[in-house]
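Written out below as structure tokens is the structure these notes cover.
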Amino acid sequence: MTAALSSTEGWLVVIASSAGCYALKYAGYAMPQRWFAHPGLRRLIELMPVALLAALIVVEALANGRHYDWNAARLAGLAVGAVAVWRKAPFIVVVVLAAATAAVLRLV
Amino acid sequence: MRDSLSVGVAVGSYGVAFGASSVTAGFSVLQTSLSSLLTFTGGTQFAIAGVIAGGGSALAAVGGGYLLGARNTLYALRLKPMLEVHGWRRALAAMVTIDESTAMALGQSRRPLSKLAFWWTACSVYVFWNLATVLGAVGAQSLGDPKRFGLDAAVPAAFLALVAPRLRSGAIPRKVAVLGALIALILIPLTPPGIPVLASCAALAILTDVRALRGLRGRR
């Protein structure tokens with residue numbers, strides 16, 4: 001988890017993502033329905049978040065740049081969070097449990 | 001209307017988490033708040049912060065954001081005949097076409113109720129999401145070292161909570177998740193940061209060819 005983001009880069013990301021995401025929203029109202037009629041395309045757009053989020057979980061949990069980083073406290077926090085997700089705990093409970101577990105393990 | 005407000009309050013907790021993770025990733029409080037005001041699509045904003053926090057480039061982050069933002073296009077398509085909006089109202093409706101407002105609109109049995117649900121949910125989520133973002137961003141900034149408070153564990157746990165409902169919805173999303181995770185895991189040491197995440201999405205696009213897709217029954 002090395003964060004090296006320059007201010008310029010940060011602004012570019014904010015501007016590009018807000019403009020693009022608005023265009024994507026507006027396109028659904030402005031474009032003809034048939035452009036998006038393809039069931040494969042719809043399926044792909046619906047499944048995309050699953051692939052993206054799954055990959056993000058792995059990267060956030062295990063990567064530090066191009067290296068694997070097996071941090072015991074972080075992984076324990078994620079594991080506790082995972083149990084909370086499995087038990088269908090509310091979002092905020094999952095996040096707080098994961099953070100607290102990692103924080104407490106780092107104290108001892 | 002009461003339902004719309006409670007959805008807004010519930011979204012608030014995600015907003016705090018987003019604000020915190022975005023500042024942790026290296027965005028300023030102002031950038032984080034503007035992202036919520038202008039981009040206004042939670043999952044996408046989370047993903048962008050996630051890619052940057054993982055050391056990914058600005059380009060990779062924006063690319064990942066667009067891939068997630070594309071689902072709003074589908075929402076807009078379904079809402080179009082329901083909302084009957086034109087001109088500036090359409091421009092405004094597009095801004096607030098997101099998971100929550102769409103779900104609430106589609107959940108109503110009659111068209112006037114759908115419109116009402118859409119606009120009330122949109123307003124309520126917009127207000128709470130943005131307030132919560134500022135709260136989370138300022139909070140994370142004043143905390144100092146995010147690792148001391150376990151934020152590095154909270155971020156992947158938050159993503160897991162976000163993806164969980166889709167994983168419960170069927171075997172195909174579960175397979176996609178395992179595949180996406182494996183590809184990212186293998187690529188971590190082989191490619192620059194940010195690429196493993198995008199590669200997982202690209203692999204999904206390549207693997208799910210048209211014929212295979214046609215055989216699958218939709219989730220909804």
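Order determines the names: the first chain of the structure tokens is A, the second B, and so forth; residues in each chain are numbered 1 upward, and ligands are numbered 1 upward as they are shown.
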
TODO: Identify, on the basis of only C-alpha atoms, every residue whose closest approach to range 115-132 of chain B does not exceed 8 Å; exclude the query and any residue fewer than 5 positions from it along the same chain; express the result as a PyMOL selection string.
DONE: chain B and resi 1+4-5+7-9+11-16+19+33+36-37+40+82-83+96-97+100-102+104-105+108

Keeping only N, CA and C atoms, take the residues you just selected and write them out as a compact mmCIF listing (two decimals), in the first residue's frame.
```
# COMPACT_ATOMS: atom_id res chain seq x y z
N MET B 1 -41.20 7.69 0.58
CA MET B 1 -40.33 8.80 0.95
C MET B 1 -39.47 8.42 2.16
N SER B 4 -36.82 6.18 1.00
CA SER B 4 -35.76 6.91 0.29
C SER B 4 -34.78 7.53 1.28
N LEU B 5 -35.32 8.10 2.36
CA LEU B 5 -34.45 8.72 3.36
C LEU B 5 -33.58 7.68 4.04
N VAL B 7 -32.55 4.87 2.83
CA VAL B 7 -31.49 4.46 1.91
C VAL B 7 -30.35 5.48 1.97
N GLY B 8 -30.71 6.76 2.01
CA GLY B 8 -29.70 7.81 2.08
C GLY B 8 -28.83 7.69 3.32
N VAL B 9 -29.46 7.44 4.45
CA VAL B 9 -28.72 7.31 5.70
C VAL B 9 -27.79 6.09 5.63
N VAL B 11 -26.46 4.78 3.01
CA VAL B 11 -25.36 5.09 2.11
C VAL B 11 -24.29 5.92 2.82
N GLY B 12 -24.73 6.69 3.83
CA GLY B 12 -23.79 7.51 4.59
C GLY B 12 -22.59 6.73 5.11
N SER B 13 -22.83 5.50 5.58
CA SER B 13 -21.71 4.73 6.14
C SER B 13 -20.69 4.38 5.05
N TYR B 14 -21.18 4.11 3.83
CA TYR B 14 -20.26 3.87 2.73
C TYR B 14 -19.48 5.15 2.41
N GLY B 15 -20.17 6.28 2.53
CA GLY B 15 -19.55 7.56 2.22
C GLY B 15 -18.37 7.85 3.13
N VAL B 16 -18.54 7.57 4.43
CA VAL B 16 -17.44 7.76 5.37
C VAL B 16 -16.27 6.88 4.97
N GLY B 19 -14.59 8.30 1.83
CA GLY B 19 -13.81 9.49 2.15
C GLY B 19 -12.48 9.12 2.78
N SER B 33 -13.85 15.26 -2.00
CA SER B 33 -15.21 15.80 -1.93
C SER B 33 -15.76 16.10 -3.32
N SER B 36 -16.99 13.05 -5.04
CA SER B 36 -18.33 12.65 -4.62
C SER B 36 -19.40 13.56 -5.20
N LEU B 37 -19.09 14.87 -5.29
CA LEU B 37 -20.08 15.82 -5.82
C LEU B 37 -20.30 15.61 -7.31
N PHE B 40 -20.08 11.02 -8.36
CA PHE B 40 -21.29 10.52 -7.72
C PHE B 40 -21.73 9.15 -8.21
N MET B 82 -39.45 5.18 -17.99
CA MET B 82 -40.16 5.34 -16.73
C MET B 82 -40.20 6.80 -16.28
N LEU B 83 -39.10 7.49 -16.46
CA LEU B 83 -38.98 8.86 -15.94
C LEU B 83 -39.51 9.90 -16.91
N VAL B 96 -27.83 11.68 -11.31
CA VAL B 96 -28.17 10.89 -10.11
C VAL B 96 -28.69 9.49 -10.47
N THR B 97 -28.33 9.02 -11.68
CA THR B 97 -28.68 7.65 -12.06
C THR B 97 -27.63 6.70 -11.51
N GLU B 100 -28.72 3.01 -6.18
CA GLU B 100 -29.80 3.15 -5.20
C GLU B 100 -31.06 3.75 -5.83
N SER B 101 -30.88 4.86 -6.59
CA SER B 101 -32.06 5.51 -7.16
C SER B 101 -32.75 4.58 -8.17
N THR B 102 -31.95 3.82 -8.93
CA THR B 102 -32.53 2.89 -9.90
C THR B 102 -33.29 1.78 -9.20
N MET B 104 -34.68 1.74 -6.29
CA MET B 104 -35.91 2.23 -5.67
C MET B 104 -36.99 2.50 -6.72
N ALA B 105 -36.59 3.06 -7.87
CA ALA B 105 -37.55 3.35 -8.93
C ALA B 105 -38.12 2.06 -9.50
N GLN B 108 -41.02 0.04 -7.56
CA GLN B 108 -42.40 0.54 -7.41
C GLN B 108 -43.32 -0.09 -8.46
```

Fewer than 3 positions away in the same chain doesn't count, so skip those; otherwise give me all residues within 10 Å of Arg90 in chain B, counting only C-alpha atoms, as a tab-separated table (two decimals) with C-alpha atoms, in the first residue's frame.
```tsv
chain	number	residue	atom	x	y	z
A	26	TYR	CA	-26.19	10.33	-19.94
A	29	TYR	CA	-30.81	8.38	-21.90
A	30	ALA	CA	-29.52	9.80	-25.15
B	80	LYS	CA	-35.66	6.25	-19.63
B	83	LEU	CA	-38.98	8.86	-15.94
B	84	GLU	CA	-39.92	10.55	-19.25
B	85	VAL	CA	-37.36	13.31	-18.77
B	86	HIS	CA	-36.07	15.78	-21.34
B	87	GLY	CA	-33.80	18.81	-21.48
B	93	ALA	CA	-31.58	12.71	-13.88
B	94	ALA	CA	-28.42	11.40	-15.56
B	95	MET	CA	-26.29	12.86	-12.77
```

- [ ] Using only C-alpha atoms, find which residues of chain A lie within 6 Å of chain B and jot them down as a PyMOL selection string.
- [x] chain A and resi 1-3+5+10+13-14+17-18+21+24-26+28-29+40+45+49-52+54-55+57-58+60+65-67+74+77-78+81+85+92+95+98-99+102-103

Those selected residues, please, written with C-alpha atoms and delivered as a compact mmCIF listing (two decimals), in the first residue's frame.
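Resulting contents of part_23.txt:
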```txt
# COMPACT_ATOMS: atom_id res chain seq x y z
CA MET A 1 0.00 0.00 0.00
CA THR A 2 2.38 2.70 -1.15
CA ALA A 3 0.49 5.86 -2.00
CA LEU A 5 -0.04 10.41 -5.95
CA GLY A 10 -5.09 13.51 -8.43
CA VAL A 13 -8.19 11.44 -12.10
CA VAL A 14 -11.00 13.45 -10.50
CA SER A 17 -13.51 10.12 -13.94
CA SER A 18 -16.32 12.60 -13.26
CA CYS A 21 -18.88 8.69 -15.59
CA LEU A 24 -21.76 6.99 -19.33
CA LYS A 25 -24.89 7.87 -17.35
CA TYR A 26 -26.19 10.33 -19.94
CA GLY A 28 -28.23 5.61 -21.47
CA TYR A 29 -30.81 8.38 -21.90
CA GLY A 40 -23.71 -10.38 -24.23
CA ILE A 45 -21.35 -4.96 -17.92
CA PRO A 49 -17.90 -5.18 -11.09
CA VAL A 50 -17.50 -8.73 -9.77
CA ALA A 51 -14.19 -9.29 -11.59
CA LEU A 52 -12.94 -5.82 -10.74
CA ALA A 54 -12.42 -9.49 -6.64
CA ALA A 55 -9.14 -8.39 -8.20
CA ILE A 57 -9.51 -7.33 -2.86
CA VAL A 58 -6.48 -9.46 -3.77
CA GLU A 60 -5.29 -4.44 -1.63
CA GLY A 65 3.86 -2.38 -5.60
CA ARG A 66 5.12 -5.39 -7.57
CA HIS A 67 5.82 -7.46 -4.49
CA ARG A 74 -3.91 -6.84 7.68
CA GLY A 77 -8.36 -7.96 9.78
CA LEU A 78 -9.59 -9.01 6.34
CA GLY A 81 -14.17 -8.80 7.97
CA VAL A 85 -19.65 -10.45 5.56
CA ILE A 92 -20.14 -0.40 8.67
CA VAL A 95 -15.31 -2.20 8.00
CA ALA A 98 -11.57 -5.37 10.01
CA ALA A 99 -9.86 -2.11 10.96
CA ALA A 102 -5.63 -5.06 12.39
CA ALA A 103 -5.09 -2.07 14.69
```

Task: Members of chain A assigned strand (DSSP E) by DSSP, as a list in words - done: Ala63, Asn64, His67 and Tyr68 of chain A

For those residues, write N, CA and C atoms to a file as a PDB file, in the first residue's frame.
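Once written, out.pdb looks like this:
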```pdb
ATOM      1  N   ALA A  63      -0.693  -7.030  -2.161  1.00  0.00           N
ATOM      2  CA  ALA A  63       0.350  -6.415  -2.976  1.00  0.00           C
ATOM      3  C   ALA A  63       0.905  -5.155  -2.344  1.00  0.00           C
ATOM      4  N   ASN A  64       2.216  -4.979  -2.506  1.00  0.00           N
ATOM      5  CA  ASN A  64       2.850  -3.713  -2.206  1.00  0.00           C
ATOM      6  C   ASN A  64       3.711  -3.411  -3.437  1.00  0.00           C
ATOM      7  N   HIS A  67       5.429  -6.381  -5.389  1.00  0.00           N
ATOM      8  CA  HIS A  67       5.824  -7.459  -4.488  1.00  0.00           C
ATOM      9  C   HIS A  67       4.633  -7.971  -3.693  1.00  0.00           C
ATOM     10  N   TYR A  68       4.708  -9.260  -3.337  1.00  0.00           N
ATOM     11  CA  TYR A  68       3.714  -9.781  -2.397  1.00  0.00           C
ATOM     12  C   TYR A  68       4.068  -9.274  -1.007  1.00  0.00           C
TER      13      TYR A  68
END
```

- [ ] Enter the distance from CA of Ala72 in chain A to CA of Leu105 in chain A, in Å, rounded to one decimal.
- [x]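 CA of Ala72 in chain A sits 8.6 Å away from CA of Leu105 in chain A.
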
Open item on the list: From a backbone DSSP assignment, name each residue in range 51-123 of chain B labelled alpha helix (DSSP H), as a PyMOL selection string.
Closed with: chain B and resi 51-53+58-83+87-95+99-106+111-123

Restricted to C-alpha atoms, what would the selected residues look like written as a short mmCIF file (atom, residue, chain, number, x, y, z; two decimals), in the first residue's frame?
```
data_model
loop_
_atom_site.label_atom_id
_atom_site.label_comp_id
_atom_site.auth_asym_id
_atom_site.auth_seq_id
_atom_site.Cartn_x
_atom_site.Cartn_y
_atom_site.Cartn_z
CA VAL B 51 -6.39 1.19 -7.72
CA ILE B 52 -4.45 4.31 -6.68
CA ALA B 53 -3.92 2.97 -3.14
CA ALA B 58 -3.86 7.45 -12.86
CA LEU B 59 -4.73 5.90 -16.23
CA ALA B 60 -5.39 2.47 -14.73
CA ALA B 61 -7.58 4.03 -12.05
CA VAL B 62 -9.70 5.99 -14.51
CA GLY B 63 -9.97 2.94 -16.79
CA GLY B 64 -11.18 0.80 -13.93
CA GLY B 65 -13.61 3.54 -12.95
CA TYR B 66 -15.15 3.64 -16.43
CA LEU B 67 -15.57 -0.14 -16.46
CA LEU B 68 -17.59 0.08 -13.25
CA GLY B 69 -19.40 3.25 -14.33
CA ALA B 70 -20.75 1.47 -17.40
CA ARG B 71 -23.45 -0.17 -15.30
CA ASN B 72 -25.07 3.23 -14.89
CA THR B 73 -25.62 3.27 -18.67
CA LEU B 74 -27.77 0.17 -18.30
CA TYR B 75 -29.67 1.77 -15.43
CA ALA B 76 -30.36 4.84 -17.55
CA LEU B 77 -31.70 2.64 -20.35
CA ARG B 78 -34.20 1.04 -18.00
CA LEU B 79 -35.20 4.33 -16.37
CA LYS B 80 -35.66 6.25 -19.63
CA PRO B 81 -39.25 5.11 -20.41
CA MET B 82 -40.16 5.34 -16.73
CA LEU B 83 -38.98 8.86 -15.94
CA GLY B 87 -33.80 18.81 -21.48
CA TRP B 88 -32.29 19.97 -18.20
CA ARG B 89 -34.34 17.45 -16.22
CA ARG B 90 -32.72 14.69 -18.23
CA ALA B 91 -29.28 16.17 -17.57
CA LEU B 92 -30.10 16.21 -13.86
CA ALA B 93 -31.58 12.71 -13.88
CA ALA B 94 -28.42 11.40 -15.56
CA MET B 95 -26.29 12.86 -12.77
CA ASP B 99 -27.52 1.86 -7.95
CA GLU B 100 -29.80 3.15 -5.20
CA SER B 101 -32.06 5.51 -7.16
CA THR B 102 -32.53 2.89 -9.90
CA ALA B 103 -33.31 0.10 -7.46
CA MET B 104 -35.91 2.23 -5.67
CA ALA B 105 -37.55 3.35 -8.93
CA LEU B 106 -37.71 -0.19 -10.32
CA ARG B 111 -45.10 4.86 -12.81
CA PRO B 112 -45.87 7.98 -10.74
CA LEU B 113 -44.50 6.17 -7.69
CA SER B 114 -41.36 5.21 -9.62
CA LYS B 115 -40.69 8.83 -10.49
CA LEU B 116 -41.24 9.89 -6.91
CA ALA B 117 -39.00 7.12 -5.56
CA PHE B 118 -36.26 7.95 -8.07
CA TRP B 119 -36.09 11.65 -7.26
CA TRP B 120 -36.45 11.31 -3.49
CA THR B 121 -33.81 8.59 -3.30
CA ALA B 122 -31.51 10.55 -5.59
CA CYS B 123 -31.73 13.70 -3.43
#
```

TODO: Find the residue from B:Asp145, B:Arg110, B:Ile195, B:Ala20 that sits nearest to Leu56 in chain A; use only C-alpha atoms when measuring.
DONE: B:Ile195
